[in-house]
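J.: To start, I am sharing the structure in question, which I have written as structure tokens.
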Amino acid sequence: MVVNVASRCGLTPQYEGLERLQARFGAAGFTVLGVPCNQFAGQEPGTPEEIQQFCSATYGTSFPLTEKLEVNGRKRHPLYQRLTAVPDTDGRAGEVEWNFEKFLISPAGEIVARWRPLVEPEDARVIGAIERVLA
Amino acid sequence: MTVAPATVKATEVRLGDRVRARSGVELTVTRIDEEFMGRADMVAFVEDSAEQWFKMPAPRDSDVELVRRDGAVH
């Protein structure tokens, strides 16, 4: 599951739920991939080392983080060019709305679900979708 | 050239204004979203340009730091 993350956001405590997903499903081949991004109010200003240190020290995260990427705009990373073409549960594709937007990718590489930032990592819809792709 | 105050209400920000987020990042507003994550009491200012893509939400009744308007620097 690919999630754009930020260290100074009101949603930053979602790291806890993301780490619990990692612990619960990691042995089955699931992983969270955090994508630090500073495009939302500048809430991820640190260096990669600072971000990693913050995540592991504050939330005990064990899942990997990418380098800091751009998820929207003309310099959007190719990964997000593919991800943002996928609609969310309301049928809306396009820009990432804010920090902690979630994209679930199947083992075959298909983008199977997109949830906006206010959907918690352990929402029943997220859990159910993860269980289905791992089945 | 228009002389503007150093801060304006969020509802008074115009396209083309250069504003500063609390983080210190500045953006030139190219789009104003009339709500933010379903909240009608907030707006979001977006710069979508060759320079950067950056989003800054603000409560409608908040003050926004204005860096430049119509060429006037504050």
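Convention: chains lettered A, B, ... in structure tokens order; per-chain residue numbering from 1; ligands numbered from 1 as shown.
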Counting only C-alpha atoms, which residues of chain A come no farther than 12 Å from chain B, as a ChimeraX atom specification?
T.: /A:8-9,37-46,69-76,95-99,101,116-119
J.: In chain A, what's alpha helix (DSSP H) per DSSP? Answer as a PyMOL selection string?
T.: chain A and resi 14-25+48-59+78-83+124-134
J.: Considering only C-alpha atoms, return as a PyMOL selection string whatever protein or nucleic-acid residues lie within 9 Å of A:Val86, sequence-local ones (same chain, fewer than 5 positions apart) excluded.
T.: chain A and resi 91-94+103+111-114
J.: Write to file, as a short mmCIF file (atom, residue, chain, number, x, y, z; two decimals), in the first residue's frame, the residues of the selection just made, with N, CA and C atoms.
T.:
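So the final result, stored in result-v5.cif, reads:
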data_model
loop_
_atom_site.label_atom_id
_atom_site.label_comp_id
_atom_site.auth_asym_id
_atom_site.auth_seq_id
_atom_site.Cartn_x
_atom_site.Cartn_y
_atom_site.Cartn_z
N GLY A 91 -15.36 7.73 -7.28
CA GLY A 91 -15.18 7.86 -8.72
C GLY A 91 -14.33 9.02 -9.15
N ARG A 92 -13.64 9.67 -8.19
CA ARG A 92 -12.81 10.83 -8.53
C ARG A 92 -11.34 10.42 -8.67
N ALA A 93 -10.82 10.63 -9.87
CA ALA A 93 -9.39 10.42 -10.11
C ALA A 93 -8.69 11.78 -10.00
N GLY A 94 -7.41 11.80 -10.34
CA GLY A 94 -6.69 13.08 -10.36
C GLY A 94 -5.87 13.30 -9.10
N PHE A 103 -3.11 4.05 -1.61
CA PHE A 103 -3.35 3.28 -2.83
C PHE A 103 -2.94 1.84 -2.55
N ILE A 111 -3.55 -1.64 -9.45
CA ILE A 111 -3.98 -0.68 -8.43
C ILE A 111 -5.46 -0.96 -8.17
N VAL A 112 -5.74 -1.53 -7.02
CA VAL A 112 -7.09 -2.04 -6.79
C VAL A 112 -7.96 -1.11 -5.95
N ALA A 113 -7.40 -0.17 -5.25
CA ALA A 113 -8.23 0.71 -4.43
C ALA A 113 -7.47 2.00 -4.11
N ARG A 114 -8.26 3.04 -3.91
CA ARG A 114 -7.71 4.34 -3.52
C ARG A 114 -8.60 4.92 -2.45
#
J.: Skip A:Arg125 itself and residues of its chain fewer than 5 positions away, then list as a list in words all residues within 12 Å of it, counting only C-alpha atoms.
T.: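 Using only C-alpha atoms, the neighbours found are Thr89, Lys102, Leu104, Ala113, Arg114, Trp115, Val119, Glu120, Ile130, Glu131 and Arg132 of chain A.
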J.: Please compute the atom CA of A:Ser56-atom CA of A:Tyr80 distance, one decimal, in Å.
T.: 24.8 Å
J.: Compile the contact shell of stretch 60-71 of chain B as a PyMOL selection string: residues with an atom at most 12 Å away, counting only C-alpha atoms, same-chain residues fewer than 4 positions apart removed.
T.: chain B and resi 1-29+32-36+39-45+56
J.: Any chance you can output those residues with C-alpha atoms as a CSV table (one decimal), in the first residue's frame?
T.:
chain,number,residue,atom,x,y,z
B,1,MET,CA,-0.1,49.1,-9.0
B,2,THR,CA,-2.3,48.2,-6.0
B,3,VAL,CA,-0.9,48.5,-2.5
B,4,ALA,CA,-2.2,45.7,-0.4
B,5,PRO,CA,-2.0,44.9,3.4
B,6,ALA,CA,0.5,42.5,4.7
B,7,THR,CA,-2.3,40.1,5.6
B,8,VAL,CA,-5.7,39.5,4.1
B,9,LYS,CA,-8.6,37.4,5.0
B,10,ALA,CA,-8.5,34.0,3.4
B,11,THR,CA,-11.7,34.8,1.5
B,12,GLU,CA,-10.0,37.9,0.0
B,13,VAL,CA,-7.0,36.1,-1.6
B,14,ARG,CA,-7.1,36.5,-5.3
B,15,LEU,CA,-5.6,34.5,-8.2
B,16,GLY,CA,-2.1,35.8,-8.8
B,17,ASP,CA,-1.5,36.7,-5.1
B,18,ARG,CA,1.8,35.4,-3.6
B,19,VAL,CA,1.2,34.2,-0.1
B,20,ARG,CA,3.3,32.5,2.5
B,21,ALA,CA,2.4,29.3,4.4
B,22,ARG,CA,3.2,28.8,8.1
B,23,SER,CA,6.0,26.6,7.0
B,24,GLY,CA,7.6,29.5,5.2
B,25,VAL,CA,7.0,28.2,1.7
B,26,GLU,CA,5.6,30.8,-0.6
B,27,LEU,CA,3.1,30.1,-3.4
B,28,THR,CA,1.6,32.1,-6.2
B,29,VAL,CA,-2.1,31.2,-6.2
B,32,ILE,CA,-8.7,28.4,-5.2
B,33,ASP,CA,-10.6,25.4,-4.0
B,34,GLU,CA,-13.8,26.5,-2.3
B,35,GLU,CA,-13.6,23.7,0.3
B,36,PHE,CA,-10.9,21.5,1.8
B,39,ARG,CA,-15.0,21.2,4.9
B,40,ALA,CA,-16.9,24.2,3.6
B,41,ASP,CA,-15.5,26.4,6.3
B,42,MET,CA,-12.1,26.2,4.7
B,43,VAL,CA,-10.5,27.1,1.3
B,44,ALA,CA,-7.4,25.8,-0.3
B,45,PHE,CA,-4.9,27.8,-2.3
B,56,MET,CA,-2.1,25.5,1.4
J.: I'd like the neighbourhood of A:Pro107 as a ChimeraX atom specification, where a residue qualifies if any of its atoms comes within 9 Å (using only C-alpha atoms), though same-chain residues fewer than 6 positions away should be ignored.
T.: /A:29-30,133-134
